[in-house]
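Trainee: What follows is target_18.cif, made up of mmCIF, C-alpha atoms:
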data_start
#
loop_
_atom_site.label_atom_id
_atom_site.label_comp_id
_atom_site.auth_asym_id
_atom_site.auth_seq_id
_atom_site.Cartn_x
_atom_site.Cartn_y
_atom_site.Cartn_z
CA MET A 1 7.48 30.68 -23.02
CA ASP A 2 8.77 27.17 -23.42
CA ILE A 3 5.97 25.87 -25.51
CA PRO A 4 5.91 28.51 -28.28
CA SER A 5 9.61 28.18 -28.98
CA SER A 6 9.45 24.44 -29.27
CA TYR A 7 6.36 24.88 -31.37
CA ARG A 8 8.22 27.15 -33.68
CA GLN A 9 10.99 24.67 -34.10
CA SER A 10 8.70 21.80 -34.74
CA SER A 11 6.71 23.75 -37.32
CA GLY A 12 9.93 24.69 -39.03
CA LYS A 13 10.93 21.08 -39.14
CA ARG A 14 7.64 19.75 -40.26
CA LYS A 15 6.97 22.07 -43.12
CA PRO A 16 9.68 20.87 -45.48
CA SER A 17 8.84 17.28 -44.81
CA LYS A 18 5.26 17.82 -45.81
CA LYS A 19 5.69 20.08 -48.79
CA GLY A 20 9.18 19.22 -49.88
CA GLY A 21 7.95 17.04 -52.70
CA SER A 22 6.17 19.72 -54.69
CA LYS A 23 8.05 22.90 -53.79
CA PRO A 24 11.66 22.26 -52.91
CA GLN A 25 12.53 25.95 -52.52
CA LEU A 26 10.64 25.99 -49.24
CA PHE A 27 13.61 24.41 -47.54
CA ASP A 28 15.54 27.68 -47.63
CA ASP A 29 12.55 29.69 -46.51
CA THR A 30 11.83 27.66 -43.48
CA SER A 31 15.42 27.74 -42.32
CA GLN A 32 15.41 31.50 -42.64
CA SER A 33 12.15 31.85 -40.83
CA VAL A 34 13.53 29.76 -38.02
CA GLN A 35 16.52 32.04 -37.72
CA SER A 36 14.39 35.18 -37.78
CA PRO A 37 13.42 36.62 -34.40
CA PRO A 38 10.23 35.21 -32.91
CA PRO A 39 7.12 37.05 -34.04
CA LEU A 40 5.18 38.82 -31.42
CA GLY A 41 1.79 37.38 -32.16
CA TYR A 42 2.54 33.80 -31.24
CA GLY A 43 1.16 33.51 -27.77
CA PRO A 44 0.56 30.27 -25.96
CA PRO A 45 -0.88 27.51 -28.11
CA GLN A 46 -4.01 27.37 -26.05
CA ALA A 47 -5.03 30.89 -27.09
CA GLY A 48 -4.35 30.13 -30.71
CA PHE A 49 -6.28 26.94 -30.42
CA MET A 50 -9.36 28.70 -29.17
CA ASP A 51 -9.23 31.48 -31.74
CA PRO A 52 -8.03 30.12 -35.08
CA SER A 53 -8.29 33.35 -37.03
CA GLN A 54 -6.02 35.20 -34.67
CA GLY A 55 -3.40 32.51 -34.71
CA ASN A 56 -3.58 32.40 -38.47
CA GLN A 57 -3.03 36.12 -38.83
CA SER A 58 -0.07 36.11 -36.56
CA PHE A 59 1.40 33.33 -38.57
CA GLY A 60 0.99 35.16 -41.81
CA ALA A 61 2.62 38.24 -40.37
CA GLY A 62 5.52 36.27 -39.06
CA HIS A 63 6.30 34.44 -42.26
CA GLN A 64 5.74 37.19 -44.75
CA GLY A 65 8.87 38.83 -43.44
CA ALA A 66 10.87 36.03 -45.09
CA PRO A 67 11.85 37.05 -48.63
CA ALA A 68 11.17 34.05 -50.87
CA TRP A 69 7.98 32.67 -49.45
CA GLY A 70 6.65 31.56 -52.82
CA HIS A 71 2.94 31.68 -51.97
CA GLN A 72 2.39 35.27 -51.17
CA GLN A 73 -0.82 35.43 -53.11
CA PHE A 74 -2.57 33.03 -50.72
CA PRO A 75 -0.71 33.35 -47.50
CA GLY A 76 -3.72 32.77 -45.30
CA GLN A 77 -5.01 29.70 -47.04
CA GLN A 78 -1.62 28.16 -47.42
CA LEU A 79 -0.75 28.64 -43.79
CA PHE A 80 -4.11 27.85 -42.32
CA ASN A 81 -3.96 24.08 -42.34
CA ASP A 82 -0.38 23.36 -41.52
CA PRO A 83 0.31 25.65 -38.56
CA MET A 84 -3.03 24.88 -37.06
CA ALA A 85 -2.39 21.17 -37.36
CA ASN A 86 1.01 21.66 -35.84
CA MET A 87 -0.39 23.80 -33.12
CA ALA A 88 -3.05 21.28 -32.31
CA MET A 89 -0.50 18.51 -32.33
CA GLN A 90 1.78 20.48 -30.10
CA TYR A 91 -1.02 21.28 -27.74
CA GLY A 92 -2.15 17.70 -27.69
CA SER A 93 1.32 16.34 -27.14
CA SER A 94 1.93 18.81 -24.32
CA LEU A 95 -1.37 17.73 -22.78
CA ALA A 96 -0.40 14.11 -23.18
CA GLY A 97 2.98 14.87 -21.64
CA GLN A 98 1.30 16.51 -18.69
CA GLY A 99 -0.95 13.51 -18.31
CA LYS A 100 2.00 11.18 -18.46
CA ASP A 101 3.81 13.20 -15.83
CA LEU A 102 0.75 13.09 -13.63
CA VAL A 103 0.40 9.33 -14.04
CA ASN A 104 4.09 8.83 -13.37
CA LYS A 105 3.94 10.95 -10.26
CA ASN A 106 0.93 9.14 -8.88
CA LEU A 107 2.40 5.78 -9.76
CA GLU A 108 5.61 6.87 -8.13
CA LYS A 109 3.72 7.64 -4.97
CA TYR A 110 2.25 4.18 -4.62
CA VAL A 111 4.59 1.75 -6.35
CA SER A 112 7.82 3.80 -6.54
CA THR A 113 8.78 2.63 -10.00
CA SER A 114 12.27 4.06 -9.71
CA LYS A 115 12.92 1.76 -6.78
CA LEU A 116 11.18 -1.13 -8.47
CA LYS A 117 13.73 -1.37 -11.22
CA TYR A 118 16.46 -2.17 -8.71
CA TYR A 119 14.65 -5.34 -7.80
CA PHE A 120 14.89 -6.56 -11.37
CA ALA A 121 18.52 -5.60 -11.98
CA VAL A 122 19.76 -9.16 -12.08
CA ASP A 123 22.16 -11.07 -14.21
CA THR A 124 22.78 -14.74 -14.86
CA SER A 125 25.46 -15.28 -12.26
CA TYR A 126 23.34 -13.63 -9.57
CA VAL A 127 20.34 -15.82 -10.40
CA ALA A 128 22.50 -18.94 -10.42
CA LYS A 129 24.05 -18.05 -7.07
CA LYS A 130 20.72 -17.22 -5.51
CA LEU A 131 19.14 -20.43 -6.72
CA MET A 132 22.08 -22.39 -5.35
CA THR A 133 21.57 -20.61 -2.04
CA LEU A 134 17.91 -21.52 -2.07
CA PHE A 135 18.68 -25.16 -2.81
CA PHE A 136 21.52 -25.58 -0.35
CA PRO A 137 22.00 -22.62 2.01
CA PHE A 138 23.79 -24.50 4.78
CA THR A 139 27.36 -23.96 3.63
CA LYS A 140 27.01 -20.30 2.85
CA LYS A 141 29.08 -18.12 5.15
CA ASP A 142 28.51 -14.49 4.25
CA TRP A 143 24.96 -13.23 4.60
CA SER A 144 25.57 -9.53 5.05
CA ILE A 145 24.42 -6.88 2.65
CA LYS A 146 27.48 -4.92 1.73
CA PHE A 147 26.07 -1.72 0.34
CA ASN A 148 24.49 1.22 2.02
CA GLN A 149 20.94 0.43 3.04
CA ASP A 150 19.50 3.86 2.45
CA GLN A 151 19.20 3.33 -1.24
CA PRO A 152 18.21 0.03 -2.76
CA VAL A 153 20.98 -2.26 -3.84
CA ALA A 154 21.02 -3.75 -7.29
CA PRO A 155 21.14 -7.53 -6.82
CA ARG A 156 23.66 -7.70 -9.64
CA PHE A 157 26.27 -6.22 -7.31
CA ASP A 158 25.34 -7.98 -4.11
CA GLU A 159 24.09 -11.50 -4.08
CA ASN A 160 22.42 -11.14 -0.71
CA ALA A 161 20.17 -8.30 -1.80
CA PRO A 162 16.53 -9.16 -2.33
CA ASP A 163 15.28 -9.27 -5.88
CA LEU A 164 11.85 -9.67 -7.33
CA TYR A 165 12.90 -11.41 -10.52
CA ILE A 166 13.18 -14.88 -9.03
CA PRO A 167 9.89 -14.65 -7.08
CA VAL A 168 7.94 -13.37 -10.08
CA MET A 169 9.35 -15.99 -12.42
CA ALA A 170 8.88 -18.72 -9.82
CA PHE A 171 5.28 -17.61 -9.28
CA VAL A 172 4.47 -17.82 -12.98
CA THR A 173 6.27 -21.15 -13.28
CA TYR A 174 4.39 -22.46 -10.26
CA ILE A 175 1.08 -21.63 -11.94
CA LEU A 176 2.14 -23.34 -15.16
CA VAL A 177 3.57 -26.40 -13.40
CA SER A 178 0.39 -26.75 -11.41
CA GLY A 179 -1.43 -26.82 -14.74
CA VAL A 180 0.87 -29.60 -15.94
CA VAL A 181 0.35 -31.61 -12.76
CA LEU A 182 -3.40 -31.23 -13.04
CA GLY A 183 -3.12 -32.27 -16.67
CA THR A 184 -1.38 -35.54 -15.78
CA GLN A 185 -4.26 -36.30 -13.46
CA GLU A 186 -6.82 -35.57 -16.17
CA ARG A 187 -8.40 -32.78 -14.17
CA PHE A 188 -7.04 -29.77 -15.99
CA THR A 189 -9.41 -27.02 -17.05
CA PRO A 190 -8.34 -23.53 -18.12
CA GLU A 191 -10.12 -22.04 -15.14
CA HIS A 192 -7.76 -23.91 -12.87
CA LEU A 193 -4.88 -21.69 -13.93
CA GLY A 194 -6.77 -18.56 -12.95
CA MET A 195 -7.90 -20.11 -9.70
CA GLN A 196 -4.38 -21.20 -8.80
CA ALA A 197 -3.02 -17.75 -9.60
CA SER A 198 -5.74 -16.05 -7.60
CA THR A 199 -5.34 -18.32 -4.60
CA ALA A 200 -1.56 -18.06 -4.52
CA LEU A 201 -1.76 -14.29 -4.91
CA VAL A 202 -4.27 -13.99 -2.11
CA TRP A 203 -2.12 -15.98 0.31
CA LEU A 204 0.87 -13.92 -0.71
CA ILE A 205 -1.02 -10.71 0.02
CA ILE A 206 -2.28 -12.04 3.34
CA GLU A 207 1.23 -13.00 4.35
CA LEU A 208 2.61 -9.64 3.27
CA VAL A 209 -0.06 -7.74 5.20
CA ALA A 210 0.47 -9.93 8.24
CA VAL A 211 4.20 -9.28 8.22
CA MET A 212 3.77 -5.54 7.72
CA LEU A 213 1.15 -5.38 10.48
CA SER A 214 3.29 -7.28 12.92
CA LEU A 215 6.27 -5.08 12.09
CA TYR A 216 4.09 -2.09 12.92
CA ILE A 217 2.48 -3.53 16.01
CA MET A 218 5.73 -4.79 17.47
CA ASN A 219 7.16 -1.34 16.76
CA LEU A 220 10.23 -2.70 15.04
CA THR A 221 12.20 -0.21 13.04
CA THR A 222 13.72 -1.86 10.04
CA ASP A 223 14.85 -0.90 6.61
CA LEU A 224 12.61 -3.54 5.12
CA LYS A 225 10.36 -2.06 2.48
CA TYR A 226 7.29 -3.99 1.54
CA MET A 227 8.99 -4.89 -1.71
CA ASP A 228 11.76 -6.57 0.27
CA ILE A 229 9.25 -8.55 2.28
CA LEU A 230 7.45 -9.49 -0.91
CA ALA A 231 10.73 -10.75 -2.32
CA TYR A 232 11.57 -12.79 0.77
CA ILE A 233 8.19 -14.42 1.05
CA GLY A 234 8.17 -14.99 -2.70
CA TYR A 235 11.26 -17.19 -2.65
CA LYS A 236 9.20 -20.10 -1.43
CA PHE A 237 7.70 -20.53 -4.88
CA VAL A 238 11.04 -21.85 -6.10
CA GLY A 239 10.77 -24.76 -3.74
CA MET A 240 7.08 -25.25 -4.50
CA ILE A 241 7.83 -25.83 -8.18
CA PHE A 242 10.10 -28.73 -7.31
CA ILE A 243 7.69 -30.06 -4.72
CA LEU A 244 4.99 -30.15 -7.40
CA LEU A 245 7.30 -31.88 -9.85
CA GLY A 246 8.38 -34.39 -7.20
CA GLY A 247 4.78 -35.09 -6.36
CA MET A 248 3.98 -35.60 -10.02
CA LEU A 249 6.86 -38.01 -10.61
CA PHE A 250 7.11 -39.94 -7.35
CA GLN A 251 3.68 -39.45 -5.78
CA SER A 252 3.60 -38.85 -2.05
CA THR A 253 7.18 -40.01 -1.45
CA GLY A 254 8.63 -37.34 -3.69
CA PHE A 255 6.14 -34.78 -2.46
CA TYR A 256 6.90 -35.15 1.22
CA GLY A 257 10.62 -35.69 0.72
CA LEU A 258 11.02 -32.52 -1.28
CA LEU A 259 8.65 -30.65 1.03
CA VAL A 260 10.82 -31.46 4.03
CA TRP A 261 14.02 -30.56 2.20
CA PHE A 262 12.76 -27.24 0.87
CA SER A 263 11.15 -26.39 4.20
CA LEU A 264 14.51 -26.78 5.86
CA THR A 265 16.30 -24.72 3.24
CA ILE A 266 13.76 -21.88 3.19
CA ILE A 267 13.71 -21.72 7.01
CA PHE A 268 17.48 -21.59 7.14
CA PHE A 269 17.67 -19.08 4.33
CA LEU A 270 15.06 -16.74 5.80
CA VAL A 271 16.40 -16.90 9.35
CA ARG A 272 19.91 -16.05 8.20
CA THR A 273 18.78 -13.33 5.82
CA LEU A 274 16.18 -11.65 8.01
CA LYS A 275 18.51 -11.73 11.00
CA VAL A 276 20.79 -9.43 9.05
CA GLN A 277 17.91 -7.25 7.95
CA ILE A 278 15.89 -6.85 11.14
CA LEU A 279 18.19 -7.35 14.11
CA PRO A 280 21.02 -4.78 13.81
CA HIS A 281 18.79 -1.75 14.16
CA THR A 282 17.48 -2.78 17.52
CA GLN A 283 21.04 -3.33 18.67
CA GLY A 284 22.20 -0.03 17.28
CA GLU A 285 19.97 1.96 19.59
CA GLU A 286 20.13 1.62 23.32
CA HIS A 287 19.88 -2.00 24.12
CA HIS A 288 16.58 -3.17 25.49
CA GLY A 289 15.78 -6.82 25.58
CA HIS A 290 12.25 -6.63 24.28
CA GLY A 291 13.15 -5.38 20.82
CA THR A 292 15.60 -8.13 19.99
CA LYS A 293 13.39 -10.79 21.48
CA ARG A 294 10.37 -9.55 19.56
CA SER A 295 12.22 -9.38 16.29
CA LEU A 296 13.57 -12.88 16.86
CA TYR A 297 10.02 -14.09 17.41
CA LEU A 298 8.94 -12.36 14.24
CA ILE A 299 11.77 -13.87 12.20
CA VAL A 300 11.04 -17.34 13.46
CA THR A 301 7.32 -16.90 12.82
CA ILE A 302 7.86 -15.69 9.27
CA SER A 303 10.24 -18.56 8.59
CA LEU A 304 7.95 -21.19 10.08
CA MET A 305 4.99 -19.88 8.11
CA GLN A 306 6.70 -20.68 4.82
CA PRO A 307 6.53 -24.51 5.02
CA VAL A 308 2.88 -24.33 6.07
CA LEU A 309 2.03 -22.17 3.08
CA MET A 310 4.15 -24.31 0.78
CA TRP A 311 2.27 -27.38 1.93
CA TRP A 312 -1.09 -25.65 1.75
CA LEU A 313 -0.57 -24.34 -1.78
CA THR A 314 0.74 -27.59 -3.27
CA ARG A 315 -1.22 -30.28 -1.42
CA HIS A 316 -4.52 -29.86 -3.24
CA ILE A 317 -2.80 -29.90 -6.63
CA VAL A 318 -0.80 -33.08 -6.19
CA PHE A 319 -3.38 -35.10 -4.32
CA ALA A 320 -6.82 -35.46 -5.83
CA LYS A 321 -9.55 -35.25 -3.25
CA MET B 1 -10.16 -23.93 -2.70
CA ALA B 2 -12.05 -21.07 -4.28
CA PHE B 3 -10.38 -18.49 -2.09
CA GLY B 4 -9.83 -15.87 -4.71
CA LEU B 5 -9.31 -12.16 -4.76
CA TYR B 6 -12.99 -11.42 -4.30
CA SER B 7 -13.05 -13.45 -1.10
CA LEU B 8 -10.03 -11.54 0.10
CA ILE B 9 -11.77 -8.23 -0.51
CA GLU B 10 -14.84 -9.46 1.36
CA ALA B 11 -12.72 -10.63 4.25
CA VAL B 12 -10.89 -7.32 4.43
CA ILE B 13 -14.18 -5.40 4.43
CA LEU B 14 -15.55 -7.60 7.22
CA CYS B 15 -12.41 -7.07 9.30
CA LEU B 16 -12.56 -3.32 8.79
CA ASN B 17 -16.20 -3.35 9.86
CA ALA B 18 -15.28 -5.32 12.93
CA VAL B 19 -12.68 -2.75 13.90
CA CYS B 20 -14.98 0.18 13.22
CA VAL B 21 -17.72 -1.28 15.37
CA LEU B 22 -15.59 -1.06 18.53
CA HIS B 23 -16.87 1.84 20.56
CA GLU B 24 -14.49 4.12 22.37
CA GLU B 25 -16.41 4.88 25.57
CA ARG B 26 -18.75 1.96 25.80
CA PHE B 27 -16.25 -0.80 25.14
CA LEU B 28 -12.60 0.10 24.78
CA SER B 29 -12.19 2.26 27.87
CA LYS B 30 -13.91 -0.36 30.05
CA ILE B 31 -11.33 -3.03 29.27
CA GLY B 32 -8.49 -0.56 29.62
CA TRP B 33 -7.87 0.02 25.96
CA GLY B 34 -8.92 3.62 25.92
CA THR B 35 -6.87 6.44 24.52
CA ASP B 36 -6.07 8.28 27.70
CA GLN B 37 -3.85 5.88 29.59
CA ARG B 38 -0.68 6.64 27.71
CA GLY B 39 2.57 8.15 28.88
CA PHE B 40 4.80 10.38 26.87
CA GLY B 41 8.41 9.61 26.20
CA GLU B 42 8.31 5.90 26.77
CA GLN B 43 8.69 3.38 24.02
CA PRO B 44 5.21 2.54 22.74
CA GLY B 45 4.46 -1.05 23.48
CA ILE B 46 2.42 -3.60 21.58
CA LYS B 47 -0.84 -2.52 23.21
CA THR B 48 -0.29 1.11 22.33
CA GLN B 49 0.46 0.25 18.76
CA ILE B 50 -2.68 -1.87 18.45
CA MET B 51 -4.73 0.94 19.97
CA ASN B 52 -3.14 3.36 17.53
CA LEU B 53 -4.00 1.09 14.67
CA VAL B 54 -7.60 0.61 15.81
CA ARG B 55 -8.10 4.32 16.24
CA SER B 56 -6.56 5.16 12.88
CA ILE B 57 -8.70 2.60 11.09
CA ARG B 58 -11.80 3.97 12.77
CA THR B 59 -10.91 7.54 11.89
CA VAL B 60 -10.00 6.90 8.30
CA MET B 61 -12.43 4.19 7.26
CA ARG B 62 -15.65 5.15 9.01
CA ILE B 63 -17.11 7.26 6.21
CA PRO B 64 -15.87 5.25 3.21
CA LEU B 65 -17.06 2.01 4.80
CA ILE B 66 -20.66 3.19 4.65
CA GLY B 67 -20.49 3.47 0.88
CA ILE B 68 -18.45 0.30 0.45
CA ASN B 69 -20.87 -1.68 2.60
CA VAL B 70 -23.86 -0.43 0.64
CA VAL B 71 -22.24 -1.34 -2.66
CA VAL B 72 -21.21 -4.80 -1.49
CA ILE B 73 -24.63 -5.55 0.00
CA LEU B 74 -26.38 -4.49 -3.20
CA PHE B 75 -23.92 -6.52 -5.24
CA MET B 76 -24.51 -9.62 -3.18
CA LEU B 77 -28.29 -9.13 -3.31
CA VAL B 78 -28.17 -8.99 -7.10
CA MET B 79 -25.57 -11.69 -7.73
CA GLY B 80 -26.64 -14.04 -4.97
#
Would you mind writing the structure in this file as structure tokens?

Mentor:
Amino acid sequence: MDIPSSYRQSSGKRKPSKKGGSKPQLFDDTSQSVQSPPPLGYGPPQAGFMDPSQGNQSFGAGHQGAPAWGHQQFPGQQLFNDPMANMAMQYGSSLAGQGKDLVNKNLEKYVSTSKLKYYFAVDTSYVAKKLMTLFFPFTKKDWSIKFNQDQPVAPRFDENAPDLYIPVMAFVTYILVSGVVLGTQERFTPEHLGMQASTALVWLIIELVAVMLSLYIMNLTTDLKYMDILAYIGYKFVGMIFILLGGMLFQSTGFYGLLVWFSLTIIFFLVRTLKVQILPHTQGEEHHGHGTKRSLYLIVTISLMQPVLMWWLTRHIVFAK
Amino acid sequence: MAFGLYSLIEAVILCLNAVCVLHEERFLSKIGWGTDQRGFGEQPGIKTQIMNLVRSIRTVMRIPLIGINVVVILFMLVMG
């Protein structure tokens, strides 16, 4: 019974807007007809949609009760177009709403869009702090995540929370910078951008799947969602941008110098961050040595993979074969 | 460096095929990776988890892989 009432309201609203120019007295009529009790013959819009004559009759009966309807000589013809159009629109919009709900629900199941927005809740001071941490993490003292870990933490409120804003922006910038570097070497073609994006994305997916698989196989219980892992392994693109720029400006000296520096920083950053994320839950349960040792191995492996991938994804851009 | 998304899909399909090919009685139980040697109540180790994974992949992907393989083979025959 939800749909007919909203339909009635919308038809009452729409009528004056359509016909108000020629017959201004219809304003009063429609307001009265809205206040009048709902006519019995309304039914769901689907029934009216399938049988236009029936819907039309019910409409005429409903509105003829209003005193100053102005077009009583042709009630059927006058009412045929407008209510039917409204009804069809209502029906269509309800269908579209159902479809949207369905899409949202299915999207929610796979991507969890409501959680996704937390990863982009950043502000300028957070981004500045995080970038400073990525450039020079060695003096940072506090690595703990302060908020409750059951629900995602907006990075705006906690600078140690993972975000996806910096990785996504760094990824796009990496693609564009690689285009610039290729352009300075006179080997830029538009296809290169797509190839770089595809290659970097593939390695990112492989790394993500490898981390998720090893988390499963080693039977480590963590609060890390795959979005968190994606964020942590995406931070390496920040360093790769500068490695590319260093390689462009200072050739191999700049390339290797910056590669070493950013390798050290990303290893330090990831070890400190993941230690907070993975370790406490194995300590919280009854202490068995395997769990902590395994998760330490995993953290070190993830961290040591980053420099290799950074080198692998920038080497072929800076140095022509 | 042409390791794009299509190559990734191919690689994933090949890996899934490789897992599905492993036979329970003829191969896995002979090297001690069968399903039956498992105790309740103890923390599942790495081997158990891998066996779980292999068995789940075989259960879930066996039927869809037939269709996927046919499509990919036809695609590669046409496109070269």

Trainee: Return as a PyMOL selection string the residues belonging to chain B that are within 7 Å of chain A, counting only C-alpha atoms.

Mentor: chain B and resi 2-5+8+46+49-50

Trainee: Those residues with C-alpha atoms, as a short mmCIF file (atom, residue, chain, number, x, y, z; two decimals), in the coordinates of the input please?

Mentor:
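In the end it all went to again_15.cif:
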data_model
loop_
_atom_site.label_atom_id
_atom_site.label_comp_id
_atom_site.auth_asym_id
_atom_site.auth_seq_id
_atom_site.Cartn_x
_atom_site.Cartn_y
_atom_site.Cartn_z
CA ALA B 2 -12.05 -21.07 -4.28
CA PHE B 3 -10.38 -18.49 -2.09
CA GLY B 4 -9.83 -15.87 -4.71
CA LEU B 5 -9.31 -12.16 -4.76
CA LEU B 8 -10.03 -11.54 0.10
CA ILE B 46 2.42 -3.60 21.58
CA GLN B 49 0.46 0.25 18.76
CA ILE B 50 -2.68 -1.87 18.45
#

Trainee: Enclose segment 98-104 of chain A, meaning all of its atoms listed in the file, in a box aligned along x, y and z, pad it by 4 Å on each side, and list the centre and edge lengths in Å to one decimal, as lines of an AutoDock Vina configuration file.

Mentor:
center_x = 1.6
center_y = 12.7
center_z = -16.0
size_x = 13.0
size_y = 15.7
size_z = 13.3

Trainee: Evaluate the PyMOL selection byres ((chain B and resi 10-16) around 12) on the structure here and hand back the selected residues as number ranges by chain.

Mentor: A: 202, 205-206, 209; B: 3-9, 17-22, 53-73, 75-76

Trainee: Grab the atom CA of Thr221 of chain A to atom CA of Thr301 of chain A distance for me, in Å with one decimal place.

Mentor: 17.4 Å

Trainee: Quote the spacing between atom CA of Arg156 of chain A and atom CA of Met169 of chain A in Å to one decimal place.

Mentor: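 About the pair atom CA of Arg156 of chain A and atom CA of Met169 of chain A: they are 16.8 Å apart.
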
Trainee: Using the chain letters and residue numbers of this document, give as JSON, numbers by chain the residues selected by the PyMOL selection byres ((chain A and resi 266) around 10).

Mentor: {"A": [133, 134, 135, 136, 137, 232, 233, 235, 236, 238, 239, 261, 262, 263, 264, 265, 267, 268, 269, 270, 271, 272, 303, 304, 306, 307]}

Trainee: What does the structure give for the distance between atom CA of Val276 of chain A and atom CA of Val127 of chain A, in Å to one decimal?

Mentor: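 Result for atom CA of Val276 of chain A versus atom CA of Val127 of chain A: 20.5 Å, one decimal.
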
Trainee: Tell me which of A:Leu245, A:Thr253, A:Met227, A:Thr273 sits closest to Lys140 of chain A, counting all atoms listed in the file.

Mentor: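 Residue with the minimum atom-to-atom distance to Lys140 of chain A: A:Thr273.
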
Trainee: Name the residues captured by the PyMOL selection byres ((chain A and resi 177-180) around 8) when it is applied to the shown file; answer as a list of chain:residue names.

Mentor: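 Selection result, ordered by chain and number: A:Thr173, A:Tyr174, A:Ile175, A:Leu176, A:Val181, A:Leu182, A:Gly183, A:Thr184, A:Phe188, A:His192, A:Leu193, A:Gln196, A:Ile241, A:Leu244, A:Leu245, A:Ile317.
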
Trainee: Can you write segment 53-64 of chain B from the block above with N, CA and C atoms, as a PDB file, in the first residue's frame?

Mentor:
ATOM      1  N   LEU B  53      42.452 -26.023   1.072  1.00  0.00           N
ATOM      2  CA  LEU B  53      42.382 -25.142  -0.080  1.00  0.00           C
ATOM      3  C   LEU B  53      42.274 -25.945  -1.368  1.00  0.00           C
ATOM      4  N   VAL B  54      43.125 -26.986  -1.477  1.00  0.00           N
ATOM      5  CA  VAL B  54      43.114 -27.798  -2.696  1.00  0.00           C
ATOM      6  C   VAL B  54      41.750 -28.446  -2.877  1.00  0.00           C
ATOM      7  N   ARG B  55      41.219 -28.975  -1.773  1.00  0.00           N
ATOM      8  CA  ARG B  55      39.940 -29.669  -1.895  1.00  0.00           C
ATOM      9  C   ARG B  55      38.814 -28.697  -2.233  1.00  0.00           C
ATOM     10  N   SER B  56      38.870 -27.497  -1.639  1.00  0.00           N
ATOM     11  CA  SER B  56      37.810 -26.536  -1.951  1.00  0.00           C
ATOM     12  C   SER B  56      37.881 -26.101  -3.402  1.00  0.00           C
ATOM     13  N   ILE B  57      39.100 -25.853  -3.877  1.00  0.00           N
ATOM     14  CA  ILE B  57      39.227 -25.442  -5.282  1.00  0.00           C
ATOM     15  C   ILE B  57      38.693 -26.538  -6.190  1.00  0.00           C
ATOM     16  N   ARG B  58      39.036 -27.798  -5.855  1.00  0.00           N
ATOM     17  CA  ARG B  58      38.559 -28.880  -6.720  1.00  0.00           C
ATOM     18  C   ARG B  58      37.044 -28.991  -6.680  1.00  0.00           C
ATOM     19  N   THR B  59      36.465 -28.811  -5.501  1.00  0.00           N
ATOM     20  CA  THR B  59      35.010 -28.933  -5.411  1.00  0.00           C
ATOM     21  C   THR B  59      34.309 -27.820  -6.155  1.00  0.00           C
ATOM     22  N   VAL B  60      34.800 -26.608  -5.958  1.00  0.00           N
ATOM     23  CA  VAL B  60      34.083 -25.461  -6.511  1.00  0.00           C
ATOM     24  C   VAL B  60      34.330 -25.321  -8.004  1.00  0.00           C
ATOM     25  N   MET B  61      35.575 -25.479  -8.428  1.00  0.00           N
ATOM     26  CA  MET B  61      35.937 -25.054  -9.776  1.00  0.00           C
ATOM     27  C   MET B  61      35.871 -26.147 -10.821  1.00  0.00           C
ATOM     28  N   ARG B  62      35.550 -27.390 -10.416  1.00  0.00           N
ATOM     29  CA  ARG B  62      35.671 -28.463 -11.400  1.00  0.00           C
ATOM     30  C   ARG B  62      34.711 -28.267 -12.571  1.00  0.00           C
ATOM     31  N   ILE B  63      33.469 -27.973 -12.289  1.00  0.00           N
ATOM     32  CA  ILE B  63      32.484 -27.820 -13.356  1.00  0.00           C
ATOM     33  C   ILE B  63      32.692 -26.529 -14.160  1.00  0.00           C
ATOM     34  N   PRO B  64      32.836 -25.375 -13.485  1.00  0.00           N
ATOM     35  CA  PRO B  64      33.055 -24.155 -14.273  1.00  0.00           C
ATOM     36  C   PRO B  64      34.315 -24.189 -15.117  1.00  0.00           C
TER      37      PRO B  64
END
